[in-house]
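What follows is a short report on a single structure.
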Amino acid sequence: MKTIQFREAVCEAMSEEMRRDESIFLMGEEVAEYNGAYKASKGMLDEFGAKRVIDTPIAELGFAGIAVGSTMTGNRPIVEFMTFNFSLVGIDQIINNAAKIRQMSGGQFKCPIVFRGPTASAGQLGATHSQAFESWFANTPGLKVVVPSNPYDAKGLLKAAIRDDDPVIFMESEQMYGDKGEVPEGEYTIPLGVADIKREGKDVTIVSFGKIIKEAYKAADELEKEGISCEIIDLRTVRPMDHDAILKSVKKTNRLVILEEAWPFGNVSTEITYQVQAQAFDYLDAPIVKINTADTPAPYSPVLLEEWLPNSNDVVKAVKKVLYK
């Protein structure tokens with residue numbers, strides 16, 4: 001094992017796959033000459049050249065469309081958005097073309113493409129740069145949605161996403177690019193659609209994904225001091241969702257808290273809540289509690305932002321609520 005940063009794990013995954021398959025290329029704003037806005041493509045221009053690592057204009061609709069079209073001629077593009085907030089400019093290409101090519105062509109065309117970049121808040125960036133769109137894309141048939149929380153998962157999942165024959169939305173975080181973690185020296189992939197139990201427990205199940213899961217770890221450490229044992233599940237892939245892993249855990253702990261960095265209405269937590277009450281209602285000893293951001297655009301003020309964003313204290317309170325403590 002070696003210890004590397006999240007950004008290095010992303011870079012390694014892309015580079016290894018591009019060495020393996022010449023049909024893969026990377027395109028996006030500042031991915032080449034600048035080595036990536038977050039240095040996640042550092043050194044790739046030097047290795048692969050300007051035909052396979054392509055700087056684009058600030059025109060998400062245009063380069064997303066070029067990339068989608070290129071899949072129909074045998075290519076496997078990776079498209080980097082500087083943030084998924086900017087993907088809204090190109091969302092027509094993602095929703096109306098990438099997600100539907102296979103179905104609308106009667107299976108004649110695949111669309112092996114990865115759209116990747118950061119999601120959700122990253123500090124004081126204001127309301128239009130602090131949005132979590134996982135549930136938006138997961139609501140679309142034809143798309144797979146991946147949200148890793150650490151370097152090991154990021155590398156293994158990104159390699160699997162690049163090899164997938166369907167479009168994959170791969171969502172990262174500006175606040176995780178510097179995170180360090182152990183990654184194997186050799187080749188490995190992580191299958192999409194498989195959740196991971198990050199912490200075994202018996203009293204309550206906590207489900208989360210992405211960078212906000214760190215707050216669940218902090219809460220679990222605090223609760224352990226009080227004799228409360230938390231089982232933490234990292235979804236890793238939002239769609240397809242590993243319902244079996246969640247249900248198995250809930251049937252063991254009989255209580256569920258869901259932590260998600262998204263607005264409260266119609267999100268991933270809502271879907272999990274429905275599935276659990278539909279398939280494991282008799283196992284629940286308390287109502288499910290979901291923790292989300294406040295139902296407002298993200299504030300710029302650091303004081304308000306702290307109140308807006310879920311934290312470990314919110315998780316502690318939710319766990320005690322479902323335990324009737």
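How things are named: the first chain in the structure tokens is A, the next is B, and so on; residues count from 1 in each chain; ligands count from 1 in the order shown.
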Enumerate as a compact mmCIF listing (two decimals) with N, CA and C atoms, in the first residue's frame all residues of segment 117-288 of chain A assigned to strand (DSSP E or B) by DSSP on the backbone, naming them with the chain letters and numbers the document uses.
```
# COMPACT_ATOMS: atom_id res chain seq x y z
N GLY A 117 -16.12 15.70 -11.53
CA GLY A 117 -15.82 17.01 -10.99
C GLY A 117 -16.41 17.11 -9.59
N PRO A 118 -16.18 18.22 -8.91
CA PRO A 118 -16.65 18.37 -7.53
C PRO A 118 -18.13 18.72 -7.40
N LYS A 144 -25.48 6.41 -14.20
CA LYS A 144 -24.99 5.88 -12.94
C LYS A 144 -24.32 7.03 -12.19
N VAL A 145 -24.46 7.04 -10.88
CA VAL A 145 -23.96 8.17 -10.08
C VAL A 145 -23.06 7.64 -8.97
N VAL A 146 -21.81 8.10 -8.96
CA VAL A 146 -20.81 7.63 -8.01
C VAL A 146 -20.30 8.82 -7.20
N VAL A 168 -21.50 7.63 -16.71
CA VAL A 168 -21.35 7.66 -15.25
C VAL A 168 -21.08 9.08 -14.80
N ILE A 169 -21.82 9.53 -13.81
CA ILE A 169 -21.59 10.81 -13.15
C ILE A 169 -20.70 10.53 -11.95
N PHE A 170 -19.50 11.08 -11.94
CA PHE A 170 -18.52 10.79 -10.89
C PHE A 170 -18.25 12.08 -10.12
N MET A 171 -18.73 12.13 -8.87
CA MET A 171 -18.78 13.39 -8.13
C MET A 171 -17.77 13.39 -6.98
N GLU A 172 -16.94 14.42 -6.95
CA GLU A 172 -15.85 14.53 -5.98
C GLU A 172 -16.12 15.72 -5.05
N LYS A 180 -5.58 12.42 2.36
CA LYS A 180 -4.65 11.32 2.10
C LYS A 180 -5.23 10.00 2.57
N GLY A 181 -4.86 8.94 1.86
CA GLY A 181 -5.32 7.61 2.24
C GLY A 181 -4.49 6.55 1.57
N GLU A 182 -4.61 5.34 2.06
CA GLU A 182 -3.84 4.23 1.52
C GLU A 182 -4.50 3.67 0.26
N VAL A 183 -3.67 3.41 -0.75
CA VAL A 183 -4.12 2.87 -2.02
C VAL A 183 -3.16 1.75 -2.42
N ASP A 196 -20.26 0.04 1.15
CA ASP A 196 -19.20 -0.47 2.00
C ASP A 196 -19.51 -0.14 3.46
N ILE A 197 -19.42 -1.13 4.32
CA ILE A 197 -19.58 -0.88 5.75
C ILE A 197 -18.25 -0.37 6.29
N LYS A 198 -18.19 0.92 6.57
CA LYS A 198 -16.95 1.53 7.04
C LYS A 198 -16.71 1.29 8.52
N ARG A 199 -17.79 1.01 9.25
CA ARG A 199 -17.67 0.81 10.69
C ARG A 199 -18.78 -0.12 11.14
N VAL A 204 -27.37 1.35 15.92
CA VAL A 204 -28.01 2.22 14.93
C VAL A 204 -27.21 2.17 13.63
N THR A 205 -27.91 2.26 12.51
CA THR A 205 -27.27 2.33 11.20
C THR A 205 -27.24 3.78 10.74
N ILE A 206 -26.07 4.24 10.31
CA ILE A 206 -25.94 5.56 9.71
C ILE A 206 -25.51 5.37 8.26
N VAL A 207 -26.29 5.89 7.33
CA VAL A 207 -25.98 5.79 5.90
C VAL A 207 -25.58 7.17 5.40
N SER A 208 -24.48 7.24 4.66
CA SER A 208 -24.03 8.51 4.10
C SER A 208 -23.17 8.24 2.87
N CYS A 230 -22.37 2.54 16.59
CA CYS A 230 -22.92 2.97 15.29
C CYS A 230 -22.34 2.14 14.15
N GLU A 231 -23.20 1.68 13.29
CA GLU A 231 -22.74 1.04 12.04
C GLU A 231 -22.85 2.08 10.92
N ILE A 232 -21.74 2.33 10.23
CA ILE A 232 -21.72 3.36 9.19
C ILE A 232 -21.57 2.72 7.82
N ILE A 233 -22.52 3.00 6.95
CA ILE A 233 -22.50 2.50 5.58
C ILE A 233 -22.20 3.66 4.63
N ASP A 234 -21.17 3.49 3.82
CA ASP A 234 -20.84 4.44 2.76
C ASP A 234 -21.45 3.91 1.47
N THR A 237 -21.83 4.37 -4.36
CA THR A 237 -22.62 4.56 -5.58
C THR A 237 -24.06 4.87 -5.19
N VAL A 238 -24.53 6.04 -5.63
CA VAL A 238 -25.90 6.45 -5.34
C VAL A 238 -26.88 5.74 -6.27
N ARG A 239 -26.48 5.59 -7.54
CA ARG A 239 -27.28 4.80 -8.48
C ARG A 239 -26.36 3.99 -9.37
N LEU A 256 -32.34 3.73 11.94
CA LEU A 256 -31.65 4.28 10.77
C LEU A 256 -31.60 5.80 10.81
N VAL A 257 -30.39 6.33 10.62
CA VAL A 257 -30.16 7.76 10.42
C VAL A 257 -29.45 7.92 9.07
N ILE A 258 -29.89 8.88 8.28
CA ILE A 258 -29.29 9.11 6.96
C ILE A 258 -28.71 10.52 6.93
N LEU A 259 -27.46 10.63 6.56
CA LEU A 259 -26.76 11.92 6.51
C LEU A 259 -26.40 12.24 5.08
```
Give me the residues near segment 98-113 of chain A as a VMD selection string, where near means some atom within 7 Å (using only C-alpha atoms) and where sequence neighbours in that chain fewer than 2 positions away do not count.
chain A and resid 68 71 to 72 76 to 78 93 to 96 115 141 to 143 162 164 to 168
With all heavy atoms retained, write the just-selected residues as a compact mmCIF listing (two decimals), in the first residue's frame.
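For reference, result.txt as written:
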```txt
# COMPACT_ATOMS: atom_id res chain seq x y z
N VAL A 68 -20.08 13.50 -25.92
CA VAL A 68 -21.16 12.53 -26.10
C VAL A 68 -21.15 12.02 -27.54
O VAL A 68 -21.24 10.81 -27.79
CB VAL A 68 -22.52 13.14 -25.75
CG1 VAL A 68 -23.65 12.20 -26.15
CG2 VAL A 68 -22.61 13.45 -24.26
N THR A 71 -18.56 9.32 -28.40
CA THR A 71 -18.79 7.92 -27.99
C THR A 71 -19.40 7.12 -29.13
O THR A 71 -19.23 5.89 -29.20
CB THR A 71 -19.71 7.83 -26.77
OG1 THR A 71 -21.05 8.26 -27.11
CG2 THR A 71 -19.19 8.67 -25.62
N MET A 72 -20.11 7.80 -30.04
CA MET A 72 -20.78 7.11 -31.14
C MET A 72 -19.82 6.73 -32.25
O MET A 72 -20.18 6.01 -33.18
CB MET A 72 -21.92 8.00 -31.67
CG MET A 72 -22.93 8.36 -30.60
SD MET A 72 -24.21 9.51 -31.13
CE MET A 72 -25.28 8.41 -32.04
N ARG A 76 -14.08 6.83 -25.68
CA ARG A 76 -14.54 6.70 -24.29
C ARG A 76 -14.04 7.93 -23.52
O ARG A 76 -13.04 7.86 -22.81
CB ARG A 76 -14.01 5.40 -23.67
CG ARG A 76 -14.34 4.16 -24.47
CD ARG A 76 -13.79 2.90 -23.81
NE ARG A 76 -14.55 2.54 -22.62
CZ ARG A 76 -15.62 1.75 -22.64
NH1 ARG A 76 -16.05 1.23 -23.77
NH2 ARG A 76 -16.25 1.46 -21.51
N PRO A 77 -14.72 9.05 -23.65
CA PRO A 77 -14.23 10.30 -23.06
C PRO A 77 -14.45 10.41 -21.55
O PRO A 77 -15.38 9.82 -21.00
CB PRO A 77 -15.04 11.37 -23.79
CG PRO A 77 -16.29 10.67 -24.21
CD PRO A 77 -15.91 9.25 -24.49
N ILE A 78 -13.56 11.18 -20.93
CA ILE A 78 -13.73 11.63 -19.55
C ILE A 78 -13.90 13.14 -19.62
O ILE A 78 -13.02 13.83 -20.16
CB ILE A 78 -12.52 11.29 -18.67
CG1 ILE A 78 -12.21 9.80 -18.71
CG2 ILE A 78 -12.76 11.76 -17.23
CD1 ILE A 78 -10.84 9.45 -18.13
N GLN A 93 -27.11 17.92 -22.68
CA GLN A 93 -26.34 16.85 -23.30
C GLN A 93 -26.28 15.61 -22.41
O GLN A 93 -26.26 14.48 -22.91
CB GLN A 93 -24.92 17.34 -23.61
CG GLN A 93 -24.83 18.39 -24.70
CD GLN A 93 -25.23 17.84 -26.07
OE1 GLN A 93 -25.21 16.65 -26.29
NE2 GLN A 93 -25.58 18.73 -26.98
N ILE A 94 -26.25 15.82 -21.11
CA ILE A 94 -26.16 14.69 -20.18
C ILE A 94 -27.50 13.96 -20.10
O ILE A 94 -27.58 12.74 -20.24
CB ILE A 94 -25.74 15.17 -18.78
CG1 ILE A 94 -24.38 15.87 -18.85
CG2 ILE A 94 -25.69 14.00 -17.80
CD1 ILE A 94 -23.98 16.56 -17.55
N ILE A 95 -28.58 14.71 -19.87
CA ILE A 95 -29.90 14.11 -19.64
C ILE A 95 -30.55 13.66 -20.94
O ILE A 95 -31.09 12.55 -21.03
CB ILE A 95 -30.83 15.12 -18.92
CG1 ILE A 95 -30.22 15.59 -17.60
CG2 ILE A 95 -32.21 14.50 -18.70
CD1 ILE A 95 -30.02 14.50 -16.58
N ASN A 96 -30.53 14.51 -21.96
CA ASN A 96 -31.27 14.21 -23.18
C ASN A 96 -30.48 13.41 -24.21
O ASN A 96 -31.08 12.85 -25.13
CB ASN A 96 -31.79 15.50 -23.82
CG ASN A 96 -33.05 16.00 -23.16
OD1 ASN A 96 -33.84 15.20 -22.66
ND2 ASN A 96 -33.24 17.30 -23.13
N PHE A 115 -18.55 11.78 -16.67
CA PHE A 115 -18.57 13.20 -16.34
C PHE A 115 -18.11 13.32 -14.89
O PHE A 115 -18.76 12.77 -14.00
CB PHE A 115 -19.98 13.78 -16.47
CG PHE A 115 -20.55 13.74 -17.86
CD1 PHE A 115 -21.42 12.72 -18.24
CD2 PHE A 115 -20.22 14.72 -18.78
CE1 PHE A 115 -21.96 12.69 -19.52
CE2 PHE A 115 -20.75 14.69 -20.07
CZ PHE A 115 -21.62 13.67 -20.43
N PRO A 141 -33.02 7.77 -15.54
CA PRO A 141 -32.69 6.43 -16.03
C PRO A 141 -31.61 6.52 -17.11
O PRO A 141 -31.65 7.40 -17.98
CB PRO A 141 -34.01 5.93 -16.62
CG PRO A 141 -35.07 6.75 -15.97
CD PRO A 141 -34.45 8.10 -15.73
N GLY A 142 -30.64 5.61 -17.05
CA GLY A 142 -29.55 5.62 -18.02
C GLY A 142 -28.26 6.15 -17.46
O GLY A 142 -27.19 5.93 -18.05
N LEU A 143 -28.32 6.86 -16.32
CA LEU A 143 -27.11 7.39 -15.69
C LEU A 143 -26.77 6.59 -14.44
O LEU A 143 -27.66 6.17 -13.70
CB LEU A 143 -27.30 8.86 -15.30
CG LEU A 143 -27.55 9.88 -16.40
CD1 LEU A 143 -27.72 11.28 -15.80
CD2 LEU A 143 -26.42 9.88 -17.43
N ILE A 162 -14.79 4.32 -15.79
CA ILE A 162 -14.22 4.53 -17.12
C ILE A 162 -14.44 3.31 -18.01
O ILE A 162 -14.66 3.43 -19.22
CB ILE A 162 -12.72 4.88 -17.01
CG1 ILE A 162 -12.56 6.24 -16.32
CG2 ILE A 162 -12.06 4.91 -18.38
CD1 ILE A 162 -11.12 6.57 -15.92
N ASP A 164 -16.95 1.26 -17.77
CA ASP A 164 -18.38 0.99 -17.92
C ASP A 164 -18.86 1.46 -19.30
O ASP A 164 -18.41 2.49 -19.81
CB ASP A 164 -19.16 1.72 -16.82
CG ASP A 164 -20.53 1.12 -16.59
OD1 ASP A 164 -21.42 1.35 -17.44
OD2 ASP A 164 -20.72 0.44 -15.58
N ASP A 165 -19.79 0.72 -19.88
CA ASP A 165 -20.30 1.07 -21.21
C ASP A 165 -21.47 2.04 -21.17
O ASP A 165 -22.05 2.36 -22.21
CB ASP A 165 -20.72 -0.19 -21.97
CG ASP A 165 -19.51 -0.95 -22.53
OD1 ASP A 165 -18.46 -0.32 -22.73
OD2 ASP A 165 -19.64 -2.16 -22.76
N ASP A 166 -21.84 2.51 -19.99
CA ASP A 166 -22.91 3.49 -19.85
C ASP A 166 -22.36 4.77 -19.23
O ASP A 166 -21.29 4.77 -18.62
CB ASP A 166 -24.03 2.94 -18.96
CG ASP A 166 -24.80 1.82 -19.64
OD1 ASP A 166 -25.20 2.01 -20.80
OD2 ASP A 166 -24.98 0.75 -19.02
N PRO A 167 -23.07 5.89 -19.37
CA PRO A 167 -22.60 7.15 -18.81
C PRO A 167 -22.59 7.13 -17.29
O PRO A 167 -23.56 6.66 -16.67
CB PRO A 167 -23.58 8.19 -19.35
CG PRO A 167 -24.79 7.41 -19.76
CD PRO A 167 -24.30 6.06 -20.17
N VAL A 168 -21.50 7.63 -16.71
CA VAL A 168 -21.35 7.66 -15.25
C VAL A 168 -21.08 9.08 -14.80
O VAL A 168 -20.22 9.77 -15.35
CB VAL A 168 -20.20 6.74 -14.79
CG1 VAL A 168 -20.05 6.81 -13.26
CG2 VAL A 168 -20.43 5.30 -15.24
```
Test item: residues at most 10 Å from Ile291 of chain A, only C-alpha atoms, excluding those fewer than 6 positions along its chain, as a list in words = Ser208, Val257, Ile258, Leu259, Glu260, Glu261, Ala262, Trp263, Pro264, Ser269, Leu309, Pro310, Asn311, Asp314, Val315 and Ala318 of chain A
- Query: If you count only C-alpha atoms, which residues fall within 8 Å of Phe6 of chain A, apart from same-chain ones fewer than 6 positions away, as a PyMOL selection string?
  - Reply: chain A and resi 150-151+154+176-181
Written selection (C-alpha atoms) as a PDB file, in the first residue's frame:
```pdb
ATOM      1  CA  ASN A 150     -11.684   8.618   0.173  1.00  0.00           C
ATOM      2  CA  PRO A 151      -8.693   8.022  -2.139  1.00  0.00           C
ATOM      3  CA  ALA A 154     -12.046   7.097  -5.636  1.00  0.00           C
ATOM      4  CA  MET A 176     -11.310  16.215  -0.355  1.00  0.00           C
ATOM      5  CA  TYR A 177      -8.626  16.635  -3.039  1.00  0.00           C
ATOM      6  CA  GLY A 178      -5.936  17.031  -0.370  1.00  0.00           C
ATOM      7  CA  ASP A 179      -7.179  14.132   1.769  1.00  0.00           C
ATOM      8  CA  LYS A 180      -4.654  11.320   2.102  1.00  0.00           C
ATOM      9  CA  GLY A 181      -5.325   7.611   2.238  1.00  0.00           C
TER      10      GLY A 181
END
```
- Message: Need the shell around segment 277-282 of chain A: protein/DNA/RNA residues with any atom at most 12 Å away, counting only C-alpha atoms. Skip same-chain ones fewer than 4 positions apart. Format as number ranges by chain?
- Response: A: 243-244, 246-256, 270-273, 286-289
How would the residues just chosen look if you wrote them out with N, CA, C and O atoms as an mmCIF file, in the first residue's frame?
```cif
data_model
loop_
_atom_site.group_PDB
_atom_site.id
_atom_site.type_symbol
_atom_site.label_atom_id
_atom_site.label_comp_id
_atom_site.auth_asym_id
_atom_site.auth_seq_id
_atom_site.Cartn_x
_atom_site.Cartn_y
_atom_site.Cartn_z
ATOM 1 N N HIS A 243 -29.356 -1.459 -2.031
ATOM 2 C CA HIS A 243 -30.430 -1.559 -1.043
ATOM 3 C C HIS A 243 -30.192 -2.717 -0.078
ATOM 4 O O HIS A 243 -30.518 -2.621 1.116
ATOM 5 N N ASP A 244 -29.638 -3.805 -0.575
ATOM 6 C CA ASP A 244 -29.462 -4.991 0.264
ATOM 7 C C ASP A 244 -28.560 -4.702 1.465
ATOM 8 O O ASP A 244 -28.827 -5.170 2.577
ATOM 9 N N ILE A 246 -28.080 -1.855 2.979
ATOM 10 C CA ILE A 246 -28.806 -1.013 3.929
ATOM 11 C C ILE A 246 -29.820 -1.831 4.713
ATOM 12 O O ILE A 246 -29.899 -1.765 5.940
ATOM 13 N N LEU A 247 -30.598 -2.645 3.991
ATOM 14 C CA LEU A 247 -31.643 -3.437 4.638
ATOM 15 C C LEU A 247 -31.059 -4.445 5.626
ATOM 16 O O LEU A 247 -31.581 -4.632 6.722
ATOM 17 N N LYS A 248 -29.955 -5.067 5.237
ATOM 18 C CA LYS A 248 -29.316 -6.037 6.127
ATOM 19 C C LYS A 248 -28.871 -5.375 7.428
ATOM 20 O O LYS A 248 -29.052 -5.929 8.525
ATOM 21 N N SER A 249 -28.313 -4.172 7.314
ATOM 22 C CA SER A 249 -27.855 -3.457 8.497
ATOM 23 C C SER A 249 -29.025 -3.027 9.375
ATOM 24 O O SER A 249 -28.985 -3.177 10.601
ATOM 25 N N VAL A 250 -30.071 -2.501 8.747
ATOM 26 C CA VAL A 250 -31.234 -2.040 9.518
ATOM 27 C C VAL A 250 -31.906 -3.200 10.243
ATOM 28 O O VAL A 250 -32.382 -3.062 11.378
ATOM 29 N N LYS A 251 -31.920 -4.359 9.605
ATOM 30 C CA LYS A 251 -32.512 -5.532 10.250
ATOM 31 C C LYS A 251 -31.701 -5.967 11.470
ATOM 32 O O LYS A 251 -32.223 -6.654 12.354
ATOM 33 N N LYS A 252 -30.440 -5.565 11.512
ATOM 34 C CA LYS A 252 -29.583 -5.867 12.661
ATOM 35 C C LYS A 252 -29.716 -4.815 13.758
ATOM 36 O O LYS A 252 -29.861 -5.142 14.935
ATOM 37 N N THR A 253 -29.696 -3.528 13.373
ATOM 38 C CA THR A 253 -29.683 -2.447 14.366
ATOM 39 C C THR A 253 -31.074 -1.932 14.720
ATOM 40 O O THR A 253 -31.270 -1.344 15.785
ATOM 41 N N ASN A 254 -32.031 -2.079 13.796
ATOM 42 C CA ASN A 254 -33.430 -1.667 13.975
ATOM 43 C C ASN A 254 -33.635 -0.156 14.008
ATOM 44 O O ASN A 254 -34.734 0.316 14.320
ATOM 45 N N ARG A 255 -32.599 0.594 13.664
ATOM 46 C CA ARG A 255 -32.713 2.054 13.658
ATOM 47 C C ARG A 255 -31.871 2.625 12.525
ATOM 48 O O ARG A 255 -30.801 2.097 12.219
ATOM 49 N N LEU A 256 -32.342 3.733 11.939
ATOM 50 C CA LEU A 256 -31.650 4.281 10.773
ATOM 51 C C LEU A 256 -31.597 5.802 10.814
ATOM 52 O O LEU A 256 -32.616 6.473 11.007
ATOM 53 N N THR A 270 -34.489 10.573 0.890
ATOM 54 C CA THR A 270 -35.912 10.284 0.717
ATOM 55 C C THR A 270 -36.115 8.912 0.103
ATOM 56 O O THR A 270 -36.984 8.139 0.528
ATOM 57 N N GLU A 271 -35.312 8.593 -0.918
ATOM 58 C CA GLU A 271 -35.417 7.294 -1.579
ATOM 59 C C GLU A 271 -35.052 6.163 -0.627
ATOM 60 O O GLU A 271 -35.740 5.121 -0.574
ATOM 61 N N ILE A 272 -33.991 6.348 0.143
ATOM 62 C CA ILE A 272 -33.592 5.322 1.110
ATOM 63 C C ILE A 272 -34.699 5.108 2.135
ATOM 64 O O ILE A 272 -35.047 3.965 2.482
ATOM 65 N N THR A 273 -35.267 6.200 2.637
ATOM 66 C CA THR A 273 -36.352 6.114 3.613
ATOM 67 C C THR A 273 -37.518 5.304 3.073
ATOM 68 O O THR A 273 -38.069 4.427 3.757
ATOM 69 N N ALA A 286 -37.882 2.628 15.584
ATOM 70 C CA ALA A 286 -38.053 4.086 15.691
ATOM 71 C C ALA A 286 -38.209 4.647 14.282
ATOM 72 O O ALA A 286 -37.751 4.039 13.311
ATOM 73 N N PRO A 287 -38.864 5.806 14.151
ATOM 74 C CA PRO A 287 -38.935 6.442 12.837
ATOM 75 C C PRO A 287 -37.541 6.753 12.296
ATOM 76 O O PRO A 287 -36.613 7.057 13.052
ATOM 77 N N ILE A 288 -37.381 6.675 10.994
ATOM 78 C CA ILE A 288 -36.116 7.018 10.346
ATOM 79 C C ILE A 288 -35.896 8.527 10.443
ATOM 80 O O ILE A 288 -36.830 9.317 10.283
ATOM 81 N N VAL A 289 -34.666 8.929 10.697
ATOM 82 C CA VAL A 289 -34.318 10.348 10.728
ATOM 83 C C VAL A 289 -33.331 10.630 9.606
ATOM 84 O O VAL A 289 -32.324 9.932 9.460
#
```
From the list A:Val147, A:Leu284, A:Leu223, A:Leu26, the nearest residue to Met241 of chain A using only C-alpha atoms is A:Val147
Q: Please measure the separation of atom CA of Glu22 of chain A and atom CA of Met1 of chain A, giving the value in Å to one decimal.
A: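 According to the coordinates, atom CA of Glu22 of chain A and atom CA of Met1 of chain A are separated by 27.6 Å.
Nearest to Gln124 of chain A of all the residues A:Phe84, A:Tyr283, A:Trp308, A:Tyr152 is A:Trp308, counting only C-alpha atoms.
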Pick from A:Ile91, A:Ala64, A:Ala120, A:Leu158 nearest to Met14 of chain A, counting only C-alpha atoms:
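Answer, going by the shortest atom-to-atom distance: A:Leu158.
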| request: Figure out the distance between atom CA of Gln131 of chain A and atom CA of Ala294 of chain A, please, to one decimal in Å. | output: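 Straight-line distance from atom CA of Ala294 of chain A to atom CA of Gln131 of chain A works out to 12.0 Å.
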Worksheet entry | Contacts of Gly65 of chain A within 9 Å, only C-alpha atoms, excl. fewer than 2 positions in-chain, as a PyMOL selection string | chain A and resi 60-63+67-70+90+92-94+97-98
Write out, as a PDB file, in the first residue's frame, the residues just selected, with C-alpha atoms.
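Saved file again-v1.pdb follows:
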```
ATOM      1  CA  GLU A  60     -19.851  23.214 -20.978  1.00  0.00           C
ATOM      2  CA  LEU A  61     -22.738  22.608 -23.369  1.00  0.00           C
ATOM      3  CA  GLY A  62     -20.332  22.556 -26.291  1.00  0.00           C
ATOM      4  CA  PHE A  63     -17.649  20.247 -24.967  1.00  0.00           C
ATOM      5  CA  ALA A  67     -17.739  14.222 -25.899  1.00  0.00           C
ATOM      6  CA  VAL A  68     -21.157  12.528 -26.104  1.00  0.00           C
ATOM      7  CA  GLY A  69     -20.984  12.523 -29.888  1.00  0.00           C
ATOM      8  CA  SER A  70     -17.488  11.030 -29.800  1.00  0.00           C
ATOM      9  CA  GLY A  90     -24.426  21.333 -20.326  1.00  0.00           C
ATOM     10  CA  ASP A  92     -29.150  18.941 -21.832  1.00  0.00           C
ATOM     11  CA  GLN A  93     -26.335  16.851 -23.305  1.00  0.00           C
ATOM     12  CA  ILE A  94     -26.162  14.685 -20.184  1.00  0.00           C
ATOM     13  CA  ASN A  97     -28.389  12.611 -25.064  1.00  0.00           C
ATOM     14  CA  ALA A  98     -25.894  10.667 -22.940  1.00  0.00           C
TER      15      ALA A  98
END
```
I'd like the contact shell of Glu80 of chain A - 9 Å cut-off, only C-alpha atoms, skipping same-chain residues fewer than 3 positions apart - returned as a PDB file with C-alpha atoms, in the first residue's frame.
```pdb
ATOM      1  CA  LEU A  26      -9.788  13.709 -21.083  1.00  0.00           C
ATOM      2  CA  MET A  27     -11.306  17.085 -21.841  1.00  0.00           C
ATOM      3  CA  GLY A  28     -12.378  20.078 -19.791  1.00  0.00           C
ATOM      4  CA  GLU A  29     -11.426  23.553 -18.631  1.00  0.00           C
ATOM      5  CA  VAL A  31      -7.198  20.029 -17.550  1.00  0.00           C
ATOM      6  CA  GLY A  36      -6.292  20.650 -13.782  1.00  0.00           C
ATOM      7  CA  THR A  83     -17.704  22.022 -10.514  1.00  0.00           C
ATOM      8  CA  VAL A 114     -17.562   9.720 -17.454  1.00  0.00           C
ATOM      9  CA  PHE A 115     -18.567  13.198 -16.342  1.00  0.00           C
ATOM     10  CA  ARG A 116     -16.487  14.046 -13.268  1.00  0.00           C
ATOM     11  CA  GLY A 117     -15.818  17.007 -10.987  1.00  0.00           C
TER      12      GLY A 117
END
```
